[in-house]
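Printed here is run06.pdb (PDB, C-alpha atoms):
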```
ATOM      1  CA  MET A1243     -93.282 -56.184-112.584
ATOM      2  CA  THR A1244     -97.032 -56.407-112.014
ATOM      3  CA  ALA A1245     -98.943 -53.207-112.772
ATOM      4  CA  ARG A1246    -100.466 -51.528-109.770
ATOM      5  CA  PRO A1247    -104.265 -51.608-109.701
ATOM      6  CA  VAL A1248    -106.756 -48.840-109.367
ATOM      7  CA  ALA A1249    -108.894 -49.671-106.339
ATOM      8  CA  VAL A1250    -112.455 -48.553-105.747
ATOM      9  CA  VAL A1251    -113.478 -48.914-102.099
ATOM     10  CA  GLY A1252    -117.244 -49.216-101.863
ATOM     11  CA  ALA A1253    -119.330 -51.472-104.098
ATOM     12  CA  SER A1254    -122.574 -49.536-104.275
ATOM     13  CA  ALA A1255    -123.869 -47.000-106.808
ATOM     14  CA  ALA A1256    -120.924 -44.583-106.718
ATOM     15  CA  GLY A1257    -118.305 -47.325-106.646
ATOM     16  CA  LEU A1258    -119.895 -49.262-109.493
ATOM     17  CA  ALA A1259    -120.202 -46.100-111.606
ATOM     18  CA  ALA A1260    -116.532 -45.360-110.961
ATOM     19  CA  ALA A1261    -115.427 -48.874-111.930
ATOM     20  CA  GLU A1262    -117.458 -48.889-115.144
ATOM     21  CA  THR A1263    -116.231 -45.414-116.091
ATOM     22  CA  LEU A1264    -112.608 -46.402-115.520
ATOM     23  CA  ARG A1265    -112.987 -49.206-118.057
ATOM     24  CA  ARG A1266    -114.992 -47.140-120.544
ATOM     25  CA  SER A1267    -112.431 -44.347-120.315
ATOM     26  CA  GLY A1268    -109.475 -46.547-121.126
ATOM     27  CA  TRP A1269    -108.094 -48.053-117.925
ATOM     28  CA  THR A1270    -106.837 -51.481-119.011
ATOM     29  CA  GLY A1271    -104.784 -52.289-115.921
ATOM     30  CA  PRO A1272    -105.895 -54.236-112.848
ATOM     31  CA  LEU A1273    -109.108 -52.901-111.317
ATOM     32  CA  THR A1274    -110.140 -53.875-107.791
ATOM     33  CA  LEU A1275    -113.644 -53.263-106.444
ATOM     34  CA  ILE A1276    -113.916 -53.714-102.670
ATOM     35  CA  GLY A1277    -117.219 -53.973-100.812
ATOM     36  CA  ASP A1278    -117.792 -54.718 -97.151
ATOM     37  CA  GLU A1279    -121.124 -56.423 -97.871
ATOM     38  CA  PRO A1280    -121.189 -59.912 -99.416
ATOM     39  CA  HIS A1281    -123.693 -58.869-102.092
ATOM     40  CA  LEU A1282    -123.208 -57.725-105.670
ATOM     41  CA  PRO A1283    -123.817 -53.969-106.087
ATOM     42  CA  TYR A1284    -127.478 -53.177-105.461
ATOM     43  CA  ASP A1285    -129.789 -50.178-105.336
ATOM     44  CA  ARG A1286    -130.611 -48.826-101.863
ATOM     45  CA  PRO A1287    -133.756 -46.645-102.318
ATOM     46  CA  PRO A1288    -136.106 -49.649-102.773
ATOM     47  CA  LEU A1289    -134.983 -51.173 -99.444
ATOM     48  CA  SER A1290    -137.488 -49.131 -97.424
ATOM     49  CA  LYS A1291    -140.245 -49.445-100.004
ATOM     50  CA  GLN A1292    -140.588 -52.294-102.508
ATOM     51  CA  LEU A1293    -138.307 -54.789-100.771
ATOM     52  CA  LEU A1294    -139.707 -54.105 -97.304
ATOM     53  CA  HIS A1295    -143.238 -54.372 -98.631
ATOM     54  CA  GLY A1296    -142.502 -57.669-100.349
ATOM     55  CA  THR A1297    -143.429 -56.547-103.853
ATOM     56  CA  TRP A1298    -139.775 -56.954-104.924
ATOM     57  CA  GLU A1299    -137.311 -59.695-104.120
ATOM     58  CA  ARG A1300    -133.646 -59.005-103.569
ATOM     59  CA  GLU A1301    -132.585 -60.041-107.087
ATOM     60  CA  ARG A1302    -134.496 -57.090-108.538
ATOM     61  CA  LEU A1303    -132.328 -54.652-106.595
ATOM     62  CA  LEU A1304    -129.106 -55.695-108.325
ATOM     63  CA  LEU A1305    -127.483 -52.901-110.296
ATOM     64  CA  ARG A1306    -125.560 -55.485-112.328
ATOM     65  CA  THR A1307    -125.631 -59.262-112.443
ATOM     66  CA  ALA A1308    -122.461 -61.338-112.260
ATOM     67  CA  ASP A1309    -122.638 -61.837-116.045
ATOM     68  CA  GLN A1310    -122.925 -58.095-116.598
ATOM     69  CA  LEU A1311    -119.912 -57.433-114.377
ATOM     70  CA  ALA A1312    -117.742 -60.043-116.080
ATOM     71  CA  PRO A1313    -116.603 -57.812-119.013
ATOM     72  CA  LEU A1314    -115.115 -55.351-116.502
ATOM     73  CA  ASP A1315    -112.531 -57.982-115.527
ATOM     74  CA  LEU A1316    -112.723 -56.914-111.887
ATOM     75  CA  ASP A1317    -110.764 -58.164-108.957
ATOM     76  CA  LEU A1318    -114.034 -58.226-107.018
ATOM     77  CA  ARG A1319    -113.557 -58.455-103.271
ATOM     78  CA  LEU A1320    -116.966 -58.625-101.621
ATOM     79  CA  GLY A1321    -117.357 -59.142 -97.898
ATOM     80  CA  THR A1322    -114.034 -57.330 -97.496
ATOM     81  CA  ARG A1323    -113.494 -54.222 -95.390
ATOM     82  CA  ALA A1324    -110.819 -51.596 -95.928
ATOM     83  CA  THR A1325    -109.226 -50.745 -92.588
ATOM     84  CA  GLY A1326    -106.613 -48.154 -93.530
ATOM     85  CA  LEU A1327    -105.030 -46.083 -96.290
ATOM     86  CA  ASP A1328    -101.495 -44.716 -96.586
ATOM     87  CA  ALA A1329    -102.099 -41.729 -98.844
ATOM     88  CA  ALA A1330     -98.414 -41.140 -99.661
ATOM     89  CA  THR A1331     -97.946 -44.589-101.202
ATOM     90  CA  ARG A1332    -101.634 -45.156-102.068
ATOM     91  CA  THR A1333    -101.557 -48.400-100.098
ATOM     92  CA  LEU A1334    -104.783 -49.879 -98.791
ATOM     93  CA  THR A1335    -104.936 -52.181 -95.791
ATOM     94  CA  LEU A1336    -107.798 -54.676 -95.826
ATOM     95  CA  ASP A1337    -109.242 -56.741 -93.008
ATOM     96  CA  GLY A1338    -106.991 -59.691 -92.334
ATOM     97  CA  GLY A1339    -103.923 -57.525 -92.903
ATOM     98  CA  THR A1340    -103.771 -57.713 -96.705
ATOM     99  CA  ARG A1341    -102.013 -54.680 -98.211
ATOM    100  CA  LEU A1342    -102.712 -53.420-101.702
ATOM    101  CA  THR A1343    -100.448 -50.758-103.222
ATOM    102  CA  CYS A1344    -102.406 -48.942-105.903
ATOM    103  CA  ALA A1345    -101.929 -46.583-108.806
ATOM    104  CA  GLY A1346    -104.976 -44.706-107.536
ATOM    105  CA  VAL A1347    -107.828 -45.088-105.074
ATOM    106  CA  ILE A1348    -111.454 -43.973-105.257
ATOM    107  CA  VAL A1349    -113.232 -43.899-101.901
ATOM    108  CA  ALA A1350    -116.961 -44.557-102.253
ATOM    109  CA  THR A1351    -117.785 -46.045 -98.857
ATOM    110  CA  GLY A1352    -121.002 -44.096 -98.401
ATOM    111  CA  VAL A1353    -122.556 -43.654 -94.979
ATOM    112  CA  ALA A1354    -123.459 -45.818 -92.001
ATOM    113  CA  ALA A1355    -126.696 -45.714 -90.040
ATOM    114  CA  ARG A1356    -126.613 -43.902 -86.719
ATOM    115  CA  THR A1357    -127.687 -45.773 -83.625
ATOM    116  CA  LEU A1358    -128.456 -45.016 -79.964
ATOM    117  CA  PRO A1359    -126.745 -45.942 -76.703
ATOM    118  CA  GLY A1360    -127.936 -49.303 -75.460
ATOM    119  CA  ALA A1361    -128.953 -50.561 -78.903
ATOM    120  CA  ASP A1362    -125.886 -52.673 -79.649
ATOM    121  CA  GLY A1363    -126.574 -56.368 -79.182
ATOM    122  CA  LEU A1364    -130.232 -55.818 -78.253
ATOM    123  CA  ASP A1365    -132.386 -58.160 -80.325
ATOM    124  CA  GLY A1366    -135.247 -56.332 -82.004
ATOM    125  CA  VAL A1367    -133.521 -52.949 -82.407
ATOM    126  CA  LEU A1368    -132.755 -52.486 -86.106
ATOM    127  CA  THR A1369    -131.462 -49.948 -88.571
ATOM    128  CA  LEU A1370    -132.313 -49.794 -92.267
ATOM    129  CA  ARG A1371    -129.289 -49.081 -94.415
ATOM    130  CA  THR A1372    -128.205 -52.369 -95.988
ATOM    131  CA  LEU A1373    -129.882 -55.223 -97.818
ATOM    132  CA  ASP A1374    -129.413 -57.449 -94.782
ATOM    133  CA  ASP A1375    -131.054 -54.772 -92.603
ATOM    134  CA  ALA A1376    -134.098 -54.661 -94.871
ATOM    135  CA  VAL A1377    -134.386 -58.444 -95.065
ATOM    136  CA  ALA A1378    -134.225 -58.688 -91.262
ATOM    137  CA  LEU A1379    -136.948 -56.054 -90.799
ATOM    138  CA  ARG A1380    -139.118 -57.631 -93.477
ATOM    139  CA  ALA A1381    -138.868 -60.991 -91.706
ATOM    140  CA  ARG A1382    -140.006 -59.432 -88.420
ATOM    141  CA  LEU A1383    -142.977 -57.848 -90.177
ATOM    142  CA  SER A1384    -144.013 -61.057 -91.921
ATOM    143  CA  GLY A1385    -146.511 -62.003 -89.201
ATOM    144  CA  ALA A1386    -149.641 -60.189 -88.069
ATOM    145  CA  GLY A1387    -150.241 -57.644 -85.329
ATOM    146  CA  HIS A1388    -146.634 -56.556 -84.900
ATOM    147  CA  ARG A1389    -145.913 -53.479 -82.770
ATOM    148  CA  LEU A1390    -143.329 -51.309 -84.506
ATOM    149  CA  VAL A1391    -141.840 -48.146 -83.030
ATOM    150  CA  ILE A1392    -139.837 -46.044 -85.490
ATOM    151  CA  VAL A1393    -137.419 -43.498 -84.059
ATOM    152  CA  GLY A1394    -136.832 -40.728 -86.579
ATOM    153  CA  ASN A1395    -139.479 -38.991 -88.683
ATOM    154  CA  GLY A1396    -137.393 -38.091 -91.701
ATOM    155  CA  VAL A1397    -137.790 -39.621 -95.149
ATOM    156  CA  LEU A1398    -136.620 -43.120 -94.195
ATOM    157  CA  GLY A1399    -138.735 -43.318 -91.049
ATOM    158  CA  CYS A1400    -141.840 -42.094 -92.858
ATOM    159  CA  GLU A1401    -141.353 -44.546 -95.727
ATOM    160  CA  ALA A1402    -140.962 -47.477 -93.363
ATOM    161  CA  ALA A1403    -143.984 -46.353 -91.339
ATOM    162  CA  ALA A1404    -146.171 -46.198 -94.450
ATOM    163  CA  VAL A1405    -145.116 -49.678 -95.586
ATOM    164  CA  ALA A1406    -145.521 -51.260 -92.142
ATOM    165  CA  ARG A1407    -148.941 -49.729 -91.676
ATOM    166  CA  GLU A1408    -150.046 -50.929 -95.114
ATOM    167  CA  LEU A1409    -148.969 -54.407 -94.040
ATOM    168  CA  GLY A1410    -151.368 -54.114 -91.104
ATOM    169  CA  HIS A1411    -148.996 -53.481 -88.207
ATOM    170  CA  ASP A1412    -149.325 -51.126 -85.247
ATOM    171  CA  VAL A1413    -146.930 -48.264 -85.992
ATOM    172  CA  THR A1414    -145.707 -45.391 -83.833
ATOM    173  CA  LEU A1415    -143.449 -42.778 -85.412
ATOM    174  CA  ILE A1416    -141.324 -40.653 -83.068
ATOM    175  CA  GLY A1417    -139.300 -37.637 -84.104
ATOM    176  CA  ARG A1418    -137.690 -34.513 -82.727
ATOM    177  CA  ASP A1419    -139.347 -32.374 -85.384
ATOM    178  CA  ARG A1420    -142.991 -31.491 -84.920
ATOM    179  CA  VAL A1421    -143.584 -31.863 -88.662
ATOM    180  CA  PRO A1422    -142.322 -35.100 -90.255
ATOM    181  CA  MET A1423    -139.957 -34.724 -93.228
ATOM    182  CA  ALA A1424    -139.962 -30.924 -92.847
ATOM    183  CA  HIS A1425    -136.256 -30.687 -93.671
ATOM    184  CA  ALA A1426    -136.777 -32.593 -96.920
ATOM    185  CA  VAL A1427    -140.088 -31.248 -98.218
ATOM    186  CA  GLY A1428    -140.851 -28.134 -96.148
ATOM    187  CA  PRO A1429    -143.419 -27.608 -93.370
ATOM    188  CA  GLU A1430    -146.488 -27.314 -95.588
ATOM    189  CA  VAL A1431    -145.969 -30.575 -97.457
ATOM    190  CA  GLY A1432    -144.737 -32.203 -94.250
ATOM    191  CA  THR A1433    -147.994 -31.263 -92.523
ATOM    192  CA  LEU A1434    -150.010 -32.833 -95.344
ATOM    193  CA  LEU A1435    -147.941 -36.016 -95.102
ATOM    194  CA  ALA A1436    -148.428 -36.106 -91.329
ATOM    195  CA  GLU A1437    -152.188 -35.940 -91.762
ATOM    196  CA  GLU A1438    -152.020 -38.752 -94.322
ATOM    197  CA  HIS A1439    -150.066 -40.904 -91.885
ATOM    198  CA  ARG A1440    -152.612 -40.227 -89.123
ATOM    199  CA  THR A1441    -155.526 -40.966 -91.454
ATOM    200  CA  ARG A1442    -153.977 -44.349 -92.198
ATOM    201  CA  GLY A1443    -153.477 -45.159 -88.527
ATOM    202  CA  VAL A1444    -149.856 -44.216 -87.805
ATOM    203  CA  ARG A1445    -149.390 -42.707 -84.344
ATOM    204  CA  LEU A1446    -147.132 -39.616 -84.484
ATOM    205  CA  LEU A1447    -145.245 -38.399 -81.424
ATOM    206  CA  THR A1448    -142.617 -35.743 -80.814
ATOM    207  CA  GLY A1449    -139.815 -36.587 -78.423
ATOM    208  CA  ASP A1450    -136.513 -38.303 -77.707
ATOM    209  CA  VAL A1451    -135.754 -41.829 -76.563
ATOM    210  CA  ALA A1452    -134.355 -41.985 -73.040
ATOM    211  CA  GLU A1453    -133.841 -45.746 -72.900
ATOM    212  CA  PHE A1454    -134.912 -49.082 -74.295
ATOM    213  CA  LEU A1455    -137.314 -51.249 -72.344
ATOM    214  CA  ALA A1456    -136.436 -54.871 -71.713
ATOM    215  CA  GLY A1457    -138.415 -57.529 -73.528
ATOM    216  CA  PRO A1458    -139.904 -60.736 -72.122
ATOM    217  CA  VAL A1459    -136.761 -62.654 -73.083
ATOM    218  CA  PRO A1460    -133.376 -61.445 -71.805
ATOM    219  CA  GLY A1461    -131.506 -59.543 -74.480
ATOM    220  CA  THR A1462    -134.622 -58.556 -76.427
ATOM    221  CA  VAL A1463    -136.304 -55.173 -76.696
ATOM    222  CA  GLY A1464    -139.736 -54.576 -75.249
ATOM    223  CA  GLY A1465    -140.210 -50.952 -76.221
ATOM    224  CA  VAL A1466    -138.845 -47.500 -75.501
ATOM    225  CA  ARG A1467    -139.186 -44.902 -72.778
ATOM    226  CA  LEU A1468    -139.161 -41.285 -73.912
ATOM    227  CA  THR A1469    -137.575 -38.394 -72.044
ATOM    228  CA  ASP A1470    -141.062 -37.276 -70.920
ATOM    229  CA  ALA A1471    -141.509 -40.750 -69.302
ATOM    230  CA  THR A1472    -143.929 -41.989 -71.983
ATOM    231  CA  GLU A1473    -143.514 -45.750 -72.416
ATOM    232  CA  LEU A1474    -144.190 -47.320 -75.793
ATOM    233  CA  PRO A1475    -144.327 -51.133 -75.953
ATOM    234  CA  ALA A1476    -142.818 -52.603 -79.100
ATOM    235  CA  ASP A1477    -141.876 -55.909 -80.657
ATOM    236  CA  THR A1478    -139.390 -54.111 -82.933
ATOM    237  CA  VAL A1479    -137.737 -50.702 -82.744
ATOM    238  CA  LEU A1480    -136.411 -49.244 -85.992
ATOM    239  CA  LEU A1481    -133.787 -46.520 -85.684
ATOM    240  CA  ALA A1482    -134.069 -44.103 -88.613
ATOM    241  CA  ILE A1483    -132.119 -41.224 -87.078
ATOM    242  CA  GLY A1484    -129.831 -40.401 -89.946
ATOM    243  CA  SER A1485    -126.395 -41.486 -90.975
ATOM    244  CA  GLU A1486    -122.739 -40.544 -90.755
ATOM    245  CA  PRO A1487    -119.990 -40.796 -93.374
ATOM    246  CA  ALA A1488    -118.124 -44.097 -93.359
ATOM    247  CA  VAL A1489    -114.649 -42.606 -92.870
ATOM    248  CA  GLY A1490    -113.584 -44.194 -89.589
ATOM    249  CA  TRP A1491    -111.088 -46.401 -91.434
ATOM    250  CA  LEU A1492    -109.361 -43.277 -92.824
ATOM    251  CA  ARG A1493    -108.943 -41.292 -89.610
ATOM    252  CA  GLY A1494    -105.399 -42.500 -88.967
ATOM    253  CA  GLU A1495    -104.155 -40.859 -92.181
ATOM    254  CA  PRO A1496    -103.009 -37.275 -91.472
ATOM    255  CA  ALA A1497    -103.025 -36.274 -95.143
ATOM    256  CA  LEU A1498    -106.811 -36.693 -95.328
ATOM    257  CA  ASP A1499    -109.496 -34.468 -93.826
ATOM    258  CA  THR A1500    -112.299 -36.716 -92.552
ATOM    259  CA  THR A1501    -114.450 -34.040 -90.936
ATOM    260  CA  ASP A1502    -118.028 -34.877 -91.992
ATOM    261  CA  GLY A1503    -116.900 -37.088 -94.844
ATOM    262  CA  LEU A1504    -113.749 -37.196 -96.955
ATOM    263  CA  ARG A1505    -112.889 -33.629 -97.938
ATOM    264  CA  CYS A1506    -111.993 -33.184-101.587
ATOM    265  CA  ASP A1507    -111.732 -30.408-104.107
ATOM    266  CA  ALA A1508    -114.157 -29.521-106.886
ATOM    267  CA  TYR A1509    -112.702 -32.379-108.968
ATOM    268  CA  CYS A1510    -113.257 -34.988-106.215
ATOM    269  CA  ALA A1511    -109.541 -35.168-105.359
ATOM    270  CA  ALA A1512    -108.759 -35.670-101.664
ATOM    271  CA  ALA A1513    -104.982 -36.117-102.097
ATOM    272  CA  PRO A1514    -102.664 -37.044-105.009
ATOM    273  CA  GLY A1515    -104.129 -40.191-106.549
ATOM    274  CA  ILE A1516    -106.941 -40.358-103.940
ATOM    275  CA  TYR A1517    -110.481 -39.415-104.957
ATOM    276  CA  ALA A1518    -113.913 -39.622-103.319
ATOM    277  CA  ALA A1519    -117.430 -40.033-104.674
ATOM    278  CA  GLY A1520    -120.973 -40.363-103.423
ATOM    279  CA  ASP A1521    -122.385 -39.885 -99.945
ATOM    280  CA  VAL A1522    -118.937 -40.009 -98.317
ATOM    281  CA  ALA A1523    -117.474 -37.132-100.360
ATOM    282  CA  ARG A1524    -117.467 -33.590 -98.937
ATOM    283  CA  TRP A1525    -116.445 -31.663-101.978
ATOM    284  CA  ASP A1526    -115.910 -28.012-102.843
ATOM    285  CA  HIS A1527    -119.135 -27.081-104.583
ATOM    286  CA  PRO A1528    -118.384 -24.597-107.382
ATOM    287  CA  LEU A1529    -121.747 -22.814-107.093
ATOM    288  CA  HIS A1530    -122.337 -22.741-103.342
ATOM    289  CA  GLY A1531    -118.681 -21.973-102.628
ATOM    290  CA  VAL A1532    -118.507 -24.227 -99.563
ATOM    291  CA  PRO A1533    -117.731 -27.939 -99.103
ATOM    292  CA  LEU A1534    -120.936 -30.001 -99.158
ATOM    293  CA  ARG A1535    -122.054 -33.617 -98.977
ATOM    294  CA  PHE A1536    -125.035 -34.742-101.065
ATOM    295  CA  GLU A1537    -126.725 -37.958 -99.982
ATOM    296  CA  HIS A1538    -128.564 -38.476-103.243
ATOM    297  CA  ARG A1539    -128.739 -41.422-105.591
ATOM    298  CA  MET A1540    -128.132 -39.476-108.806
ATOM    299  CA  ASN A1541    -125.225 -37.574-107.292
ATOM    300  CA  ALA A1542    -123.593 -40.877-106.305
ATOM    301  CA  THR A1543    -123.566 -42.135-109.887
ATOM    302  CA  GLU A1544    -122.497 -38.875-111.478
ATOM    303  CA  GLN A1545    -119.769 -38.230-108.929
ATOM    304  CA  GLY A1546    -118.434 -41.763-109.322
ATOM    305  CA  MET A1547    -118.074 -41.106-113.037
ATOM    306  CA  ALA A1548    -116.397 -37.733-112.459
ATOM    307  CA  ALA A1549    -113.948 -39.132-109.909
ATOM    308  CA  ALA A1550    -112.940 -41.920-112.287
ATOM    309  CA  ARG A1551    -112.284 -39.580-115.209
ATOM    310  CA  ASN A1552    -110.329 -37.118-113.085
ATOM    311  CA  LEU A1553    -108.217 -39.872-111.544
ATOM    312  CA  LEU A1554    -107.360 -41.190-115.004
ATOM    313  CA  ALA A1555    -106.364 -37.698-116.101
ATOM    314  CA  GLU A1556    -104.035 -37.446-113.117
ATOM    315  CA  LEU A1557    -102.523 -40.869-113.767
ATOM    316  CA  ALA A1558    -101.946 -39.941-117.403
ATOM    317  CA  ALA A1559    -100.147 -36.768-116.305
ATOM    318  CA  GLU A1560     -97.980 -38.772-113.885
ATOM    319  CA  THR A1561     -96.801 -41.070-116.669
ATOM    320  CA  ALA A1562     -96.251 -38.342-119.254
ATOM    321  CA  PRO A1563     -92.659 -37.811-120.439
ATOM    322  CA  GLY A1564     -90.734 -35.786-117.883
ATOM    323  CA  ALA A1565     -93.243 -36.349-115.089
ATOM    324  CA  PRO A1566     -91.885 -37.273-111.645
ATOM    325  CA  THR A1567     -92.083 -40.938-110.715
ATOM    326  CA  PRO A1568     -94.977 -41.647-108.272
ATOM    327  CA  ALA A1569     -94.093 -42.924-104.796
ATOM    328  CA  PRO A1570     -93.510 -46.713-104.875
TER
END
```

What do you get writing this file as structure tokens?
Amino acid sequence: MTARPVAVVGASAAGLAAAETLRRSGWTGPLTLIGDEPHLPYDRPPLSKQLLHGTWERERLLLRTADQLAPLDLDLRLGTRATGLDAATRTLTLDGGTRLTCAGVIVATGVAARTLPGADGLDGVLTLRTLDDAVALRARLSGAGHRLVIVGNGVLGCEAAAVARELGHDVTLIGRDRVPMAHAVGPEVGTLLAEEHRTRGVRLLTGDVAEFLAGPVPGTVGGVRLTDATELPADTVLLAIGSEPAVGWLRGEPALDTTDGLRCDAYCAAAPGIYAAGDVARWDHPLHGVPLRFEHRMNATEQGMAAARNLLAELAAETAPGAPTPAP
């Protein structure tokens, strides 16, 4: 009888940390790492900075090369999407209908970029969450005199605005908040950053997008119209309006709470044999006393490690003498 694998769903920072910790901590059975992108695990923070600017190429973003991953003896399934999970039997369903019954599952699917009505299928409206997103935006900014409208004046929008302006493009930054990045750095620092953006030529506006304007070619964007009727011509519109936990594939499983992420306890456990880590995890914080999600790079790595160790402890308890047999 073939041993059941441990599966890690999500091949970014949290998922990679979980996979490496499983091996370091003694898991010698099959280990499957599933990622919906076709790329080896890579670091996301440089996407809106060094990669977009062109000072780094994509190879420098890799968290591990293929040679570095080889000792983990992974069943590496890139370009593969998980579409469902039966928590009782710990069975994953993958796109194409493949089913994988596991000893344990770690969910590290992260978050997905939010978008706006009317954006789907409109050429020139982009988000910036994945490597492919960043490469596509960088290609559009490779020429001169590009008109870029960025919707969202949080950290991501401000970073992209600074890079695009340094590359010489016409940049307008729109946000609901009067002070950019105020939620991240506070109003005083946000005000200083706003003045720096203006000094460097970024146009800052407060408002909401009412609709996209049609471009000169059918199916392309030509700008945005705000709710106050202001029209802003654009060659590219970047949506940097936040993200939402990538839990849609889990919502058919009644044993899991997918309200604002995958709810788990203080040990990252969402259900028996099911753990969560990284941006997708809404876990019981022992100090704050309420379930929280932390979208932070360091938290992703550390939580991936914690989830792996705690899952192994549970699996060891399940196989201890006298323990009940797990569901087949």

- Task: Could you state which residues are captured by the PyMOL selection byres ((chain A and resi 1443) around 12) in this file, as a PyMOL selection string?
- Result: chain A and resi 1403-1415+1436-1442+1444-1446

- Message: Residues near range 1300-1316 of chain A, anyone? I mean within 12 Å using only C-alpha atoms, not counting same-chain ones fewer than 6 positions away, as an NGL selection string.
- Response: :A and (1247-1250 or 1253-1276 or 1281-1294 or 1372-1374 or 1376-1377 or 1380 or 1543)

Could you give me, as JSON lines, a per-residue list for range 1352-1426 of chain A showing, wherever an atom lies at most 12 Å from an atom of range 1457-1474 of chain A, the closest pair of atoms and their distance in Å to one decimal, using all atoms listed in the file and sorting by chain then residue number from low to high?
```
{"residue": "A:Leu1358", "atom": "CA", "partner": "A:Val1466", "partner_atom": "CA", "distance": 11.6}
{"residue": "A:Gly1360", "atom": "CA", "partner": "A:Val1463", "partner_atom": "CA", "distance": 10.3}
{"residue": "A:Ala1361", "atom": "CA", "partner": "A:Val1463", "partner_atom": "CA", "distance": 9.0}
{"residue": "A:Asp1362", "atom": "CA", "partner": "A:Gly1461", "partner_atom": "CA", "distance": 10.3}
{"residue": "A:Gly1363", "atom": "CA", "partner": "A:Gly1461", "partner_atom": "CA", "distance": 7.5}
{"residue": "A:Leu1364", "atom": "CA", "partner": "A:Gly1461", "partner_atom": "CA", "distance": 5.5}
{"residue": "A:Asp1365", "atom": "CA", "partner": "A:Thr1462", "partner_atom": "CA", "distance": 4.5}
{"residue": "A:Gly1366", "atom": "CA", "partner": "A:Val1463", "partner_atom": "CA", "distance": 5.5}
{"residue": "A:Val1367", "atom": "CA", "partner": "A:Val1463", "partner_atom": "CA", "distance": 6.7}
{"residue": "A:Leu1368", "atom": "CA", "partner": "A:Val1463", "partner_atom": "CA", "distance": 10.4}
{"residue": "A:Arg1389", "atom": "CA", "partner": "A:Gly1465", "partner_atom": "CA", "distance": 9.0}
{"residue": "A:Leu1390", "atom": "CA", "partner": "A:Gly1465", "partner_atom": "CA", "distance": 8.9}
{"residue": "A:Val1391", "atom": "CA", "partner": "A:Gly1465", "partner_atom": "CA", "distance": 7.5}
{"residue": "A:Ile1392", "atom": "CA", "partner": "A:Val1466", "partner_atom": "CA", "distance": 10.1}
{"residue": "A:Val1393", "atom": "CA", "partner": "A:Val1466", "partner_atom": "CA", "distance": 9.6}
{"residue": "A:Asp1412", "atom": "CA", "partner": "A:Leu1474", "partner_atom": "CA", "distance": 11.4}
{"residue": "A:Val1413", "atom": "CA", "partner": "A:Leu1474", "partner_atom": "CA", "distance": 10.6}
{"residue": "A:Thr1414", "atom": "CA", "partner": "A:Leu1474", "partner_atom": "CA", "distance": 8.4}
{"residue": "A:Leu1415", "atom": "CA", "partner": "A:Leu1474", "partner_atom": "CA", "distance": 10.7}
{"residue": "A:Ile1416", "atom": "CA", "partner": "A:Leu1468", "partner_atom": "CA", "distance": 9.4}
{"residue": "A:Gly1417", "atom": "CA", "partner": "A:Leu1468", "partner_atom": "CA", "distance": 10.8}
{"residue": "A:Arg1418", "atom": "CA", "partner": "A:Leu1468", "partner_atom": "CA", "distance": 11.2}
```

- Message: I'd like to know which of A:Leu1434, A:Ala1350, A:Thr1448, A:Gly1252 is closest to Asn1541 in chain A, using all atoms listed in the file.
- Response: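 Smallest distance to Asn1541 in chain A is found for A:Ala1350.
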
Centre and edge lengths of an axis-aligned box around all listed atoms of range 1245-1249 of chain A, with 8 Å added on each side, are to be given in Å to one decimal, as AutoDock Vina command-line options.
```
--center_x -103.9 --center_y -51.0 --center_z -109.6 --size_x 26.0 --size_y 20.4 --size_z 22.4
```

- Would you mind reading off the distance between CA of Glu1453 in chain A and CA of Val1479 in chain A, one decimal, in Å?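 Computed distance, CA of Glu1453 in chain A to CA of Val1479 in chain A, equals 11.7 Å.
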
Residues in the PyMOL selection byres ((chain A and resi 1542) around 8), expressed as a PDB file with C-alpha atoms, keeping the file's coordinate frame:
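Full text of selection.pdb as output:
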```
ATOM      1  CA  ALA A1255    -123.869 -47.000-106.808  1.00  0.00           C
ATOM      2  CA  ALA A1256    -120.924 -44.583-106.718  1.00  0.00           C
ATOM      3  CA  ALA A1519    -117.430 -40.033-104.674  1.00  0.00           C
ATOM      4  CA  GLY A1520    -120.973 -40.363-103.423  1.00  0.00           C
ATOM      5  CA  ASP A1521    -122.385 -39.885 -99.945  1.00  0.00           C
ATOM      6  CA  GLU A1537    -126.725 -37.958 -99.982  1.00  0.00           C
ATOM      7  CA  HIS A1538    -128.564 -38.476-103.243  1.00  0.00           C
ATOM      8  CA  ARG A1539    -128.739 -41.422-105.591  1.00  0.00           C
ATOM      9  CA  MET A1540    -128.132 -39.476-108.806  1.00  0.00           C
ATOM     10  CA  ASN A1541    -125.225 -37.574-107.292  1.00  0.00           C
ATOM     11  CA  THR A1543    -123.566 -42.135-109.887  1.00  0.00           C
ATOM     12  CA  GLU A1544    -122.497 -38.875-111.478  1.00  0.00           C
ATOM     13  CA  GLN A1545    -119.769 -38.230-108.929  1.00  0.00           C
ATOM     14  CA  GLY A1546    -118.434 -41.763-109.322  1.00  0.00           C
TER      15      GLY A1546
END
```

Can you list, as a compact mmCIF listing (two decimals) with C-alpha atoms, in the coordinates of the input, every protein, DNA or RNA residue that comes within 10 Å of Val1347 in chain A when you count all atoms listed in the file, leaving out same-chain residues fewer than 5 positions away?
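part_18.txt, freshly written:
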```txt
# COMPACT_ATOMS: atom_id res chain seq x y z
CA PRO A 1247 -104.26 -51.61 -109.70
CA VAL A 1248 -106.76 -48.84 -109.37
CA ALA A 1249 -108.89 -49.67 -106.34
CA VAL A 1250 -112.46 -48.55 -105.75
CA VAL A 1251 -113.48 -48.91 -102.10
CA THR A 1274 -110.14 -53.88 -107.79
CA LEU A 1327 -105.03 -46.08 -96.29
CA ALA A 1329 -102.10 -41.73 -98.84
CA ARG A 1332 -101.63 -45.16 -102.07
CA THR A 1333 -101.56 -48.40 -100.10
CA LEU A 1334 -104.78 -49.88 -98.79
CA ALA A 1513 -104.98 -36.12 -102.10
CA PRO A 1514 -102.66 -37.04 -105.01
CA GLY A 1515 -104.13 -40.19 -106.55
CA ILE A 1516 -106.94 -40.36 -103.94
CA TYR A 1517 -110.48 -39.42 -104.96
CA ALA A 1518 -113.91 -39.62 -103.32
CA ALA A 1549 -113.95 -39.13 -109.91
CA ALA A 1550 -112.94 -41.92 -112.29
CA LEU A 1553 -108.22 -39.87 -111.54
```
